Structures are given as C-alpha cells and as structure tokens.
Amino acid sequence: MRLLLPMWGQQDAGKWSLFGGGGYEINPGAGQRNFWQAGLAVTRDMGRGVSLGGEITHQGRDADDAEAETALGLGSIIHLRGPFSLLVSGGPTFTRSTSGFRAYSALGIAF
C-alpha cells in the first residue's frame, strides 16, 4: 500500500487558474523506494463548462531499478451535468534514457 503526503495550492485570476504542489510518497516493499513528486498546472475557463490547460510534473525514482520521470500534458475539463466532469490529458514523458507518451481520462465528481 502506498501513502502520499501532499501539499497543494491554487491561485485564481479571472478566467485563469494556477495550481500545483507536491508531496512525498511512501512506497514500501522489496525493491521499492520512497520518492518526491511535484506538479504545476495552468488552466483557462473557455466558457460553456469547458476549461483548457497545460501541466508539468516530475516524480523521483519509485523503485531501485527505475528512473525519475518528467511529463508534460495538455488537457481539458468538460463539465457534464450536476457534479460530474470529464477530465482528459495527454503528453510526452521523459527519463534520462527513454521518452514516451501518456494519456488519461477520468470522471470527476465535485462534492
């Protein structure tokens, strides 16, 4: 079981939001490592329940045989109905020896 101890903050200015922070993740187990991670994102409200944004994240090595990773992403939050939103993001990832691409989508519930 992993445990993340985060610290995050946000500042809004009109249609723009800047948020980010980081935390220390406790990652027990043979061959695993505890590590720091951080991220920074900026979004802009485009109206009609849609926000667009970009982010940069960095994570330290999470295993003895792993490398630290930095990722860039472009994404959107689309408000659906009631407390529901669709979140999508994608972009390149980088380590010292490789690069790749990651993407995700999620259902957000605000309460």
# chains A, B, ... in the order shown; residues from 1 in each chain; ligands from 1
$ closest_atom_pairs --of "segment 1-53 of chain A" --to "segment 74-96 of chain A" --cutoff "7 Å" --atoms "only C-alpha atoms" --output "tab-separated table"
residue	atom	partner	partner_atom	distance
A:Gly49	CA	A:His79	CA	4.9
A:Val50	CA	A:Ile78	CA	4.7
A:Ser51	CA	A:Ile77	CA	5.2
A:Leu52	CA	A:Ser76	CA	4.5
A:Gly53	CA	A:Gly75	CA	5.4
$ select_by_dssp --residues "chain A" --states "strand (DSSP E or B)" --output "NGL selection string"
:A and (3-13 or 16-26 or 32 or 35-47 or 50-59 or 63 or 69-79 or 84-94 or 99-109)
$ residues_around --residues "Ala30 of chain A" --least-positions-apart "3" --cutoff "10 Å" --atoms "only C-alpha atoms" --output "ChimeraX atom specification"
/A:27,33,63-64
$ write_last_selection --atoms "N, CA and C atoms" --output "PDB file, in the first residue's frame"
ATOM      1  N   ASN A  27       6.447   4.333  -0.322  1.00  0.00           N
ATOM      2  CA  ASN A  27       6.257   3.237  -1.255  1.00  0.00           C
ATOM      3  C   ASN A  27       6.993   2.002  -0.730  1.00  0.00           C
ATOM      4  N   ARG A  33      11.098   2.289  -3.626  1.00  0.00           N
ATOM      5  CA  ARG A  33      11.722   3.461  -2.994  1.00  0.00           C
ATOM      6  C   ARG A  33      10.642   4.487  -2.655  1.00  0.00           C
ATOM      7  N   ALA A  63      11.381   2.937  -7.667  1.00  0.00           N
ATOM      8  CA  ALA A  63      11.919   1.593  -7.469  1.00  0.00           C
ATOM      9  C   ALA A  63      13.429   1.641  -7.677  1.00  0.00           C
ATOM     10  N   ASP A  64      14.129   0.660  -7.132  1.00  0.00           N
ATOM     11  CA  ASP A  64      15.587   0.626  -7.247  1.00  0.00           C
ATOM     12  C   ASP A  64      16.048   0.622  -8.699  1.00  0.00           C
TER      13      ASP A  64
END
$ closest_residue --among "A:Thr57, A:Gln37, A:Thr98, A:Ser105" --to "Gly73 of chain A" --atoms "only C-alpha atoms"
A:Thr57
$ closest_residue --among "A:Asp62, A:Lys15, A:Gly21, A:Phe101" --to "Arg44 of chain A" --atoms "only C-alpha atoms"
A:Lys15
